[in-house]
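Shown next: input27.cif, containing mmCIF, C-alpha atoms.
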```
data_coords
#
loop_
_atom_site.label_atom_id
_atom_site.label_comp_id
_atom_site.auth_asym_id
_atom_site.auth_seq_id
_atom_site.Cartn_x
_atom_site.Cartn_y
_atom_site.Cartn_z
CA MET X 27 -46.18 -28.46 -43.36
CA ARG X 28 -45.87 -24.95 -44.77
CA GLU X 29 -43.03 -23.90 -47.02
CA LYS X 30 -40.59 -21.50 -45.42
CA LEU X 31 -40.03 -18.19 -47.12
CA THR X 32 -36.49 -16.86 -47.48
CA VAL X 33 -35.63 -13.26 -46.69
CA GLU X 34 -35.09 -12.51 -50.39
CA GLN X 35 -38.46 -13.98 -51.35
CA PHE X 36 -40.10 -12.05 -48.50
CA ARG X 37 -38.57 -8.77 -49.65
CA GLN X 38 -39.89 -9.25 -53.17
CA ILE X 39 -43.48 -9.76 -52.02
CA LYS X 40 -43.21 -7.03 -49.38
CA ASN X 41 -41.96 -4.49 -51.93
CA GLN X 42 -44.81 -5.35 -54.27
CA ILE X 43 -47.37 -4.87 -51.50
CA MET X 44 -45.86 -1.58 -50.33
CA GLY X 45 -45.78 -0.27 -53.89
CA LEU X 46 -49.46 -1.08 -54.35
CA TYR X 47 -50.28 0.36 -50.94
CA GLU X 48 -48.65 3.66 -51.83
CA GLN X 49 -50.81 3.84 -54.96
CA TYR X 50 -53.85 2.88 -52.88
CA GLU X 51 -53.33 5.70 -50.38
CA ASN X 52 -52.92 8.32 -53.12
CA GLU X 53 -55.80 7.15 -55.31
CA ASP X 54 -58.99 9.25 -55.51
CA ASN X 55 -60.92 7.05 -57.92
CA ASP X 56 -63.08 4.63 -55.91
CA THR X 57 -63.08 1.96 -58.62
CA ILE X 58 -59.30 1.95 -59.00
CA GLU X 59 -58.90 2.07 -55.21
CA GLU X 60 -61.08 -1.02 -54.85
CA LYS X 61 -59.03 -2.91 -57.44
CA LEU X 62 -55.79 -1.95 -55.69
CA ALA X 63 -57.22 -3.15 -52.36
CA GLU X 64 -58.05 -6.51 -53.95
CA GLN X 65 -54.51 -6.83 -55.31
CA ILE X 66 -53.00 -5.97 -51.92
CA SER X 67 -55.27 -8.46 -50.18
CA THR X 68 -54.41 -11.21 -52.66
CA LEU X 69 -50.67 -10.62 -52.35
CA GLN X 70 -50.83 -10.49 -48.57
CA ASP X 71 -52.84 -13.75 -48.48
CA ARG X 72 -50.09 -15.29 -50.57
CA LEU X 73 -47.45 -13.97 -48.15
CA LEU X 74 -49.36 -15.35 -45.17
CA SER X 75 -49.57 -18.80 -46.73
CA TYR X 76 -45.88 -19.37 -45.93
CA ASP X 77 -43.95 -20.18 -42.78
CA LEU X 78 -42.41 -16.80 -41.94
CA SER X 79 -40.44 -17.84 -38.87
CA ASP X 80 -37.09 -17.17 -40.59
CA ILE X 81 -37.97 -13.54 -41.34
CA PRO X 82 -36.40 -11.24 -38.69
CA PHE X 83 -38.45 -8.56 -36.94
CA GLU X 84 -36.66 -5.72 -38.71
CA GLU X 85 -37.58 -7.03 -42.18
CA TRP X 86 -41.18 -6.03 -41.44
CA ASN X 87 -40.20 -2.38 -40.96
CA GLU X 88 -42.93 0.00 -42.26
CA TYR X 89 -44.98 -2.89 -43.56
CA PRO X 90 -48.67 -1.86 -43.77
CA ILE X 91 -50.67 -4.83 -42.47
CA TYR X 92 -53.76 -4.78 -44.65
CA SER X 93 -57.19 -5.60 -43.25
CA ASP X 94 -60.72 -4.26 -43.32
CA ASN X 95 -64.09 -5.06 -41.77
CA THR X 96 -64.59 -8.10 -43.99
CA HIS X 97 -61.03 -9.32 -44.42
CA ALA X 98 -58.85 -10.12 -41.42
CA ALA X 99 -55.05 -10.27 -41.59
CA ASP X 100 -54.59 -13.88 -40.45
CA PHE X 101 -51.01 -14.48 -39.32
CA SER X 102 -51.98 -17.38 -37.05
CA LYS X 103 -50.22 -20.10 -39.08
CA THR X 104 -47.19 -18.12 -40.17
CA LYS X 105 -45.09 -18.15 -36.96
CA ALA X 106 -44.13 -14.60 -37.96
CA ASN X 107 -41.92 -12.30 -35.90
CA ILE X 108 -43.94 -9.12 -35.60
CA ASP X 109 -42.74 -5.96 -33.86
CA PHE X 110 -45.68 -3.56 -33.56
CA ALA X 111 -43.26 -0.67 -33.18
CA LEU X 112 -42.20 -1.27 -36.80
CA VAL X 113 -45.38 -2.19 -38.68
CA ASP X 114 -48.51 -0.16 -39.44
CA TYR X 115 -51.52 -1.92 -37.96
CA ASP X 116 -55.15 -0.77 -37.91
CA GLY X 117 -56.82 -3.77 -36.31
CA ASN X 118 -58.70 -6.91 -37.36
CA GLY X 119 -55.87 -9.41 -37.36
CA ASN X 120 -54.97 -12.77 -35.87
CA PHE X 121 -51.49 -13.17 -34.40
CA LYS X 122 -51.95 -16.34 -32.39
CA GLY X 123 -48.86 -18.51 -32.62
CA CYS X 124 -46.70 -15.59 -33.69
CA ASN X 125 -43.67 -14.14 -31.94
CA VAL X 126 -44.82 -10.59 -31.18
CA LYS X 127 -43.45 -7.66 -29.19
CA ASN X 128 -44.11 -4.00 -28.40
CA LEU X 129 -47.85 -4.50 -28.20
CA ASP X 130 -48.01 -1.21 -26.31
CA LYS X 131 -47.46 0.50 -29.68
CA ILE X 132 -50.85 -0.71 -30.89
CA PHE X 133 -53.39 2.11 -30.64
CA ALA X 134 -55.93 1.30 -27.91
CA ILE X 135 -58.75 1.41 -30.44
CA TYR X 136 -57.17 -1.59 -32.23
CA LEU X 137 -56.15 -3.58 -29.16
CA ASN X 138 -58.11 -6.84 -29.04
CA PRO X 139 -57.12 -9.78 -26.79
CA LYS X 140 -58.95 -12.18 -29.09
CA GLU X 141 -56.20 -11.63 -31.66
CA PHE X 142 -53.45 -13.08 -29.43
CA ASP X 143 -52.77 -16.40 -27.74
CA GLU X 144 -52.86 -16.95 -23.98
CA GLN X 145 -49.09 -16.88 -23.59
CA THR X 146 -48.83 -13.51 -25.33
CA ILE X 147 -51.55 -12.10 -23.11
CA LYS X 148 -49.79 -13.45 -20.02
CA ASN X 149 -46.47 -11.96 -21.16
CA ASN X 150 -48.11 -8.56 -21.63
CA SER X 151 -49.96 -8.15 -18.35
CA ASN X 152 -49.16 -4.43 -18.45
CA ILE X 153 -51.56 -4.14 -21.38
CA PHE X 154 -54.19 -6.86 -21.04
CA LEU X 155 -56.60 -7.32 -18.14
CA SER X 156 -56.49 -10.42 -15.99
CA ASP X 157 -59.47 -12.62 -15.21
CA ALA X 158 -59.95 -10.66 -11.98
CA PHE X 159 -62.25 -8.41 -14.00
CA SER X 160 -65.73 -9.24 -15.25
CA ASN X 161 -66.34 -9.81 -18.95
CA GLU X 162 -68.51 -6.69 -18.98
CA PHE X 163 -65.67 -4.57 -17.61
CA LYS X 164 -63.20 -6.14 -20.06
CA ASP X 165 -65.50 -5.31 -22.95
CA LYS X 166 -65.67 -1.67 -21.84
CA TYR X 167 -61.92 -1.56 -21.35
CA TYR X 168 -61.11 -2.83 -24.85
CA ASN X 169 -63.93 -0.86 -26.45
CA ARG X 170 -62.67 2.33 -24.77
CA SER X 171 -65.95 3.01 -22.99
CA LEU X 172 -64.88 3.03 -19.34
CA THR X 173 -66.27 5.73 -17.05
CA LEU X 174 -65.30 6.86 -13.58
CA GLU X 175 -68.41 5.13 -12.35
CA ASP X 176 -66.94 1.85 -13.62
CA LEU X 177 -63.63 2.56 -11.90
CA ALA X 178 -65.35 3.53 -8.65
CA SER X 179 -66.99 0.11 -8.52
CA LEU X 180 -63.68 -1.80 -8.50
CA SER X 181 -62.01 -3.43 -5.53
CA SER X 182 -58.64 -2.18 -4.26
CA SER X 183 -56.81 -5.13 -5.83
CA GLN X 184 -58.47 -4.49 -9.18
CA LEU X 185 -57.53 -0.82 -8.98
CA ASP X 186 -53.94 -1.77 -8.18
CA GLU X 187 -53.79 -3.81 -11.39
CA LEU X 188 -55.43 -1.07 -13.42
CA LYS X 189 -52.90 1.51 -12.23
CA GLN X 190 -50.19 -0.47 -14.00
CA LYS X 191 -51.85 0.29 -17.33
CA ASN X 192 -52.53 3.44 -19.35
CA VAL X 193 -56.14 3.80 -18.22
CA THR X 194 -56.82 7.05 -20.06
CA GLN X 195 -56.54 5.24 -23.40
CA HIS X 196 -59.50 3.07 -22.41
CA LEU X 197 -61.95 5.74 -21.27
CA ASN X 198 -65.17 6.45 -23.14
CA VAL X 199 -63.40 8.84 -25.55
CA SER X 200 -59.63 9.09 -25.79
CA LEU X 201 -58.20 12.59 -25.58
CA ASP X 202 -55.38 11.75 -27.96
CA SER X 203 -57.81 10.62 -30.64
CA LEU X 204 -59.63 13.97 -30.59
CA ARG X 205 -56.83 16.47 -30.05
CA ASP X 206 -56.12 17.11 -33.75
CA SER X 207 -59.75 17.37 -34.80
CA SER X 208 -60.95 20.83 -35.82
CA SER X 209 -64.65 19.96 -35.81
CA ILE X 210 -65.42 18.21 -32.55
CA SER X 211 -68.99 18.50 -31.31
CA SER X 212 -69.90 19.35 -27.72
CA GLU X 213 -71.36 15.85 -27.41
CA TYR X 214 -67.90 14.38 -27.80
CA TYR X 215 -66.44 16.83 -25.31
CA ASP X 216 -68.98 15.69 -22.73
CA HIS X 217 -67.37 12.26 -22.87
CA LEU X 218 -64.02 13.72 -21.88
CA GLU X 219 -65.18 14.37 -18.32
CA ASN X 220 -62.93 11.62 -16.93
CA GLU X 221 -59.70 11.87 -18.80
CA TYR X 222 -58.06 15.06 -17.53
CA ILE X 223 -58.98 14.32 -13.94
CA ILE X 224 -57.44 10.83 -14.08
CA LYS X 225 -54.44 11.98 -16.10
CA TYR X 226 -53.48 14.80 -13.74
CA LEU X 227 -54.89 13.78 -10.34
CA GLY X 228 -54.53 10.00 -10.57
CA ILE X 229 -57.15 7.26 -10.28
CA ASP X 230 -57.55 7.37 -6.49
CA LYS X 231 -58.19 11.10 -6.23
CA ALA X 232 -60.34 11.07 -9.36
CA ILE X 233 -62.58 8.45 -7.77
CA GLN X 234 -62.72 10.41 -4.50
CA PHE X 235 -63.69 13.53 -6.43
CA TYR X 236 -66.29 11.62 -8.44
CA ASN X 237 -67.84 10.21 -5.26
CA TYR X 238 -67.93 13.70 -3.76
CA SER X 239 -69.52 15.44 -6.76
CA PRO X 240 -69.71 14.21 -10.39
CA GLN X 241 -70.91 17.68 -11.43
CA GLU X 242 -67.98 19.54 -9.88
CA LEU X 243 -65.63 17.00 -11.41
CA LYS X 244 -67.06 17.75 -14.84
CA GLU X 245 -66.71 21.51 -14.32
CA VAL X 246 -63.09 21.22 -13.17
CA ASN X 247 -62.30 18.91 -16.07
CA GLN X 248 -63.63 21.52 -18.49
CA ILE X 249 -61.34 24.14 -16.96
CA LEU X 250 -58.34 21.83 -17.22
CA ARG X 251 -59.16 21.08 -20.84
CA TYR X 252 -59.61 24.76 -21.73
CA LEU X 253 -56.31 25.61 -20.05
CA ASP X 254 -54.56 22.78 -21.86
CA TYR X 255 -55.92 23.99 -25.20
CA GLY X 256 -54.72 27.55 -24.54
CA TYR X 257 -58.19 29.11 -24.66
CA ILE X 258 -57.55 31.18 -21.54
CA ASN X 259 -53.84 31.87 -21.46
CA TYR X 260 -50.64 32.15 -23.47
CA THR X 261 -48.66 29.57 -21.49
CA PRO X 262 -51.01 26.58 -21.12
CA SER X 263 -48.37 24.05 -20.09
CA SER X 264 -46.87 26.25 -17.40
CA ASP X 265 -50.19 27.44 -15.98
CA LEU X 266 -51.71 23.97 -16.07
CA LYS X 267 -48.70 22.56 -14.23
CA LYS X 268 -49.04 25.17 -11.48
CA LEU X 269 -52.76 24.51 -11.09
CA ILE X 270 -52.34 20.72 -11.02
CA SER X 271 -49.73 21.10 -8.29
CA GLN X 272 -52.27 23.02 -6.20
CA LEU X 273 -55.10 20.59 -6.87
CA ASN X 274 -53.03 17.58 -5.87
CA ASN X 275 -52.62 19.17 -2.43
CA THR X 276 -56.29 20.11 -2.08
CA ASN X 277 -59.15 18.15 -0.52
CA VAL X 278 -61.78 17.11 -3.05
CA ASN X 279 -64.42 19.30 -1.41
CA ASN X 280 -62.34 22.38 -2.26
CA ILE X 281 -60.90 21.44 -5.68
CA LYS X 282 -63.48 23.41 -7.65
CA ASN X 283 -62.95 26.58 -5.57
CA VAL X 284 -59.18 26.40 -5.95
CA CYS X 285 -59.50 25.75 -9.67
CA PHE X 286 -61.99 28.55 -10.33
CA ASN X 287 -60.07 31.07 -8.21
CA TYR X 288 -56.84 30.24 -10.01
CA VAL X 289 -58.40 30.74 -13.43
CA ARG X 290 -60.12 33.95 -12.34
CA GLN X 291 -56.77 35.46 -11.35
CA LEU X 292 -55.25 34.17 -14.55
CA ILE X 293 -57.88 35.95 -16.63
CA LEU X 294 -57.56 39.19 -14.66
CA THR X 295 -53.78 39.31 -15.07
CA SER X 296 -53.43 37.91 -18.60
CA ASN X 297 -53.15 39.91 -21.81
CA LYS X 298 -54.75 37.27 -24.01
CA SER X 299 -58.06 37.96 -25.71
CA MET X 300 -61.02 36.13 -24.25
CA ASN X 301 -63.71 34.22 -26.10
CA PRO X 302 -66.62 33.55 -23.70
CA GLN X 303 -67.73 30.72 -25.97
CA LYS X 304 -64.48 28.95 -25.07
CA ILE X 305 -65.11 29.30 -21.32
CA PRO X 306 -67.24 26.81 -19.33
CA SER X 307 -70.71 28.22 -18.65
CA SER X 308 -70.47 27.27 -14.97
CA PHE X 309 -67.36 29.44 -14.60
CA ILE X 310 -69.05 32.36 -16.33
CA GLU X 311 -72.08 32.02 -14.07
CA GLU X 312 -69.87 32.26 -10.97
CA ASN X 313 -67.78 35.12 -12.37
CA LYS X 314 -70.37 37.41 -13.92
CA ASP X 315 -68.29 40.55 -13.39
CA ILE X 316 -65.49 39.28 -15.64
CA PHE X 317 -67.97 38.71 -18.46
CA LEU X 318 -70.00 41.89 -17.88
CA ILE X 319 -73.17 39.96 -17.12
CA ASN X 320 -76.10 42.11 -15.89
CA THR X 321 -74.48 45.34 -17.09
CA LYS X 322 -75.68 47.92 -19.61
CA VAL X 323 -72.47 47.72 -21.60
CA PRO X 324 -73.31 47.26 -25.32
CA ASP X 325 -72.00 44.31 -27.30
CA GLU X 326 -69.40 46.28 -29.26
CA VAL X 327 -67.83 47.53 -26.03
CA LYS X 328 -67.96 44.03 -24.57
CA GLU X 329 -66.10 42.82 -27.63
CA ARG X 330 -63.34 45.36 -27.05
CA PHE X 331 -63.30 44.40 -23.38
CA PHE X 332 -62.81 40.70 -24.23
CA LYS X 333 -60.06 41.66 -26.68
CA ARG X 334 -58.52 43.82 -23.92
CA GLU X 335 -58.79 46.91 -26.14
CA LEU X 336 -61.00 49.24 -24.10
CA THR X 337 -60.69 52.89 -25.09
CA ILE X 338 -60.67 55.95 -22.88
CA GLN X 339 -64.11 56.80 -24.22
CA ASP X 340 -65.39 53.36 -23.17
CA LEU X 341 -64.20 54.01 -19.63
CA ILE X 342 -65.83 57.42 -19.55
CA ASN X 343 -69.14 56.25 -21.05
CA TYR X 344 -69.48 53.19 -18.82
CA ARG X 345 -67.81 54.38 -15.65
CA ASP X 346 -70.32 52.55 -13.42
CA ALA X 347 -69.52 49.19 -15.02
CA PHE X 348 -65.75 49.56 -14.74
CA GLN X 349 -65.35 51.70 -11.63
CA THR X 350 -64.61 48.82 -9.26
CA PHE X 351 -63.20 46.43 -11.85
CA PRO X 352 -59.40 45.82 -12.09
CA ILE X 353 -59.18 46.82 -15.75
CA ASP X 354 -55.41 47.29 -16.08
CA HIS X 355 -55.20 44.24 -18.37
CA PHE X 356 -58.30 45.04 -20.40
CA THR X 357 -57.06 48.16 -22.11
CA ASP X 358 -54.07 49.32 -24.09
CA ASN X 359 -50.96 49.90 -21.97
CA ASN X 360 -50.96 53.54 -22.99
CA PHE X 361 -54.07 54.02 -20.90
CA VAL X 362 -52.69 52.58 -17.65
CA LYS X 363 -51.91 55.98 -16.14
CA PHE X 364 -55.33 57.26 -17.10
CA ILE X 365 -57.03 54.20 -15.61
CA ASN X 366 -55.10 54.39 -12.36
CA HIS X 367 -55.85 58.09 -12.02
CA HIS X 368 -59.60 57.82 -12.59
CA TYR X 369 -60.34 54.36 -11.22
CA GLY X 370 -57.51 53.66 -8.81
#
```
Please express what this file holds, its structure, as structure tokens.
Amino acid sequence: MREKLTVEQFRQIKNQIMGLYEQYENEDNDTIEEKLAEQISTLQDRLLSYDLSDIPFEEWNEYPIYSDNTHAADFSKTKANIDFALVDYDGNGNFKGCNVKNLDKIFAIYLNPKEFDEQTIKNNSNIFLSDAFSNEFKDKYYNRSLTLEDLASLSSSQLDELKQKNVTQHLNVSLDSLRDSSSISSEYYDHLENEYIIKYLGIDKAIQFYNYSPQELKEVNQILRYLDYGYINYTPSSDLKKLISQLNNTNVNNIKNVCFNYVRQLILTSNKSMNPQKIPSSFIEENKDIFLINTKVPDEVKERFFKRELTIQDLINYRDAFQTFPIDHFTDNNFVKFINHHYG
């Protein structure tokens, strides 16, 4: 029978661990960092050798549960009261036999049903999958590698269960995990083809759209992502909300047309500079006039056009290119009267 730890004894060990952890996070020397990690691991192993059932949830506040690829945080014999809304947890633990709550606060990348007992899994059916799903599907779900193809293969009852969960966190690449990255490759973006569609149109319509045309789904998803990131407009949230409202009332065979037409009008009436590299190639191909494709306009003039800084001389020199184009929003406001007079 394990010795029970008092709250005072717990606080002493916890404070020691947190002090070491603060040093560990601020240390640049690899050798010192490794020694600190060993000390943290040793102290935590000592802590986990006790019966912790008398330690209230709130006493664990801000505690950094330490683990790595070779050392699991094994709480299984501690009977600890763990609130995942209070602790910092990065995976590789064992909480079987513990009293746990707020498992929805665990990042999807660290969610592993093998770390919890059957009763905990049953009590958190909004997070964990039931046995109605195959082991292969479960593995994809917990490894965050689900695709729309996987979802399209499910039965109606399985889809009903899945709708009760935050599916987007379990897709092949989570949007939230990439949003703050400043150096994301196009390969990673390709994996985001499901998330916006499911997030904004719902599972049912996303599957319908996928079954109609995976390629059009990918193109629309790119537009939604570019709008959300503010690459096209100044008010991404407002414009995205308006577009989503339209798409939710559109048949899947017309979603791409509605989406592309909306963005075309947005570009023509916006005052924000354009970067063609931030626009999906499929949209550019279908809107060549906006990007001056197949014209004799030189690159330096195109650059001013994309910045919406066309000069009077540009309009005179390349009258043929701009004669039928609505250029009011591609030049300085001082030129509006001139433009209307010569090109109206």
Handout entry: Atom-to-atom span, CA of Asp54 (chain X) and CA of Ala134 (chain X), Å
Key =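 CA of Ala134 (chain X) lies 28.9 Å from CA of Asp54 (chain X).
For the pair CA of Phe356 (chain X) and CA of Ile342 (chain X), the interatomic distance is 14.5 Å.
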With all atoms of region 269-282 of chain X from the file as input, state the centre and edge lengths in Å to one decimal of the axis-aligned box that has 6 Å extra on each side, as JSON.
```
{"center_x": -57.1, "center_y": 20.8, "center_z": -5.8, "size_x": 26.7, "size_y": 19.4, "size_z": 22.6}
```
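One distance worth recording is that between CA of Asp165 (chain X) and CA of Asn198 (chain X), which is 11.8 Å.
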Exercise for the section: Carefully work through the PyMOL selection byres ((chain X and resi 186) around 12) for this structure and note down the residues it includes, as JSON, numbers by chain. Expected result: {"X": [152, 155, 156, 158, 177, 180, 181, 182, 183, 184, 185, 187, 188, 189, 190, 191, 193, 229, 230]}
Deliver the residues from the most recent selection as a file, using C-alpha atoms, as a tab-separated table (two decimals), keeping the file's coordinate frame.
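Written output follows (part-v7.tsv):
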```
chain	number	residue	atom	x	y	z
X	152	ASN	CA	-49.16	-4.43	-18.45
X	155	LEU	CA	-56.60	-7.32	-18.14
X	156	SER	CA	-56.49	-10.42	-15.99
X	158	ALA	CA	-59.95	-10.66	-11.98
X	177	LEU	CA	-63.63	2.56	-11.90
X	180	LEU	CA	-63.68	-1.80	-8.50
X	181	SER	CA	-62.01	-3.43	-5.53
X	182	SER	CA	-58.64	-2.18	-4.26
X	183	SER	CA	-56.81	-5.13	-5.83
X	184	GLN	CA	-58.47	-4.49	-9.18
X	185	LEU	CA	-57.53	-0.82	-8.98
X	187	GLU	CA	-53.79	-3.81	-11.39
X	188	LEU	CA	-55.43	-1.07	-13.42
X	189	LYS	CA	-52.90	1.51	-12.23
X	190	GLN	CA	-50.19	-0.47	-14.00
X	191	LYS	CA	-51.85	0.29	-17.33
X	193	VAL	CA	-56.14	3.80	-18.22
X	229	ILE	CA	-57.15	7.26	-10.28
X	230	ASP	CA	-57.55	7.37	-6.49
```
Exercise for the section: May I have the residues within 6 Å of region 296-298 of chain X as an MDAnalysis selection string, using only C-alpha atoms and disregarding those fewer than 3 positions away in the same chain? Expected result: chainID X and resid 292:293 355
Handout entry: Matched chain/residue IDs from the PyMOL selection byres ((chain X and resi 242) around 10), as a ChimeraX atom specification
Key = /X:235-236,238-241,243-248,278-283,308
Exercise for the section: Enumerate, as a ChimeraX atom specification, the residues matched when the PyMOL selection byres ((chain X and resi 344) around 10) is run on the file above. Expected result: /X:321-324,327,339-343,345-349
For the residues selected in the previous step, produce a file with C-alpha atoms as a PDB file, in the frame of the given file.
```
ATOM      1  CA  THR X 321     -74.480  45.340 -17.090  1.00  0.00           C
ATOM      2  CA  LYS X 322     -75.680  47.920 -19.610  1.00  0.00           C
ATOM      3  CA  VAL X 323     -72.470  47.720 -21.600  1.00  0.00           C
ATOM      4  CA  PRO X 324     -73.310  47.260 -25.320  1.00  0.00           C
ATOM      5  CA  VAL X 327     -67.830  47.530 -26.030  1.00  0.00           C
ATOM      6  CA  GLN X 339     -64.110  56.800 -24.220  1.00  0.00           C
ATOM      7  CA  ASP X 340     -65.390  53.360 -23.170  1.00  0.00           C
ATOM      8  CA  LEU X 341     -64.200  54.010 -19.630  1.00  0.00           C
ATOM      9  CA  ILE X 342     -65.830  57.420 -19.550  1.00  0.00           C
ATOM     10  CA  ASN X 343     -69.140  56.250 -21.050  1.00  0.00           C
ATOM     11  CA  ARG X 345     -67.810  54.380 -15.650  1.00  0.00           C
ATOM     12  CA  ASP X 346     -70.320  52.550 -13.420  1.00  0.00           C
ATOM     13  CA  ALA X 347     -69.520  49.190 -15.020  1.00  0.00           C
ATOM     14  CA  PHE X 348     -65.750  49.560 -14.740  1.00  0.00           C
ATOM     15  CA  GLN X 349     -65.350  51.700 -11.630  1.00  0.00           C
TER      16      GLN X 349
END
```
Handout entry: Which residue of X:Ile249, X:Met300, X:Ile132, X:Ile39 approaches Val284 (chain X) most closely, using only C-alpha atoms
Key =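 That would be X:Ile249, the residue with the smallest distance to Val284 (chain X).
You can rank X:Asn118, X:Ser67, X:Thr295, X:Asn107 by their closest distance to Tyr50 (chain X) using all atoms listed in the file, and at the top of that list sits X:Ser67.
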Fill in the blank from the handout: Counting only C-alpha atoms, the residue among X:Tyr76, X:Tyr92, X:Tyr255, X:Phe133 that lies closest to Ala106 (chain X) is X:Tyr76
Practice task
Go through X:Asn192, X:Thr104, X:Thr350, X:Asn275 and flag the residue nearest Leu74 (chain X), using all atoms listed in the file for the distances.
Solution key: X:Thr104
Handout entry: Selection near Asp176 (chain X), 10 Å with all atoms listed in the file, sequence-local residues under 2 positions removed, as number ranges by chain
Key = X: 163, 166-167, 171-174, 178-180, 197, 233
Practice task
Tell me which of X:Asp109, X:Glu88, X:Glu53, X:Glu29 sits closest to Leu73 (chain X), counting only C-alpha atoms.
Solution key: X:Glu29
Handout entry: Residue neighbourhood Ala63 (chain X), 9 Å, only C-alpha atoms, exclusion window fewer than 3 positions, as a ChimeraX atom specification
Key = /X:46-47,50,58-60,66-68,92
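Considering all atoms listed in the file, the residue among X:Leu318, X:Asp130, X:Glu141, X:Arg251 positioned nearest to Gln195 (chain X) is X:Asp130.
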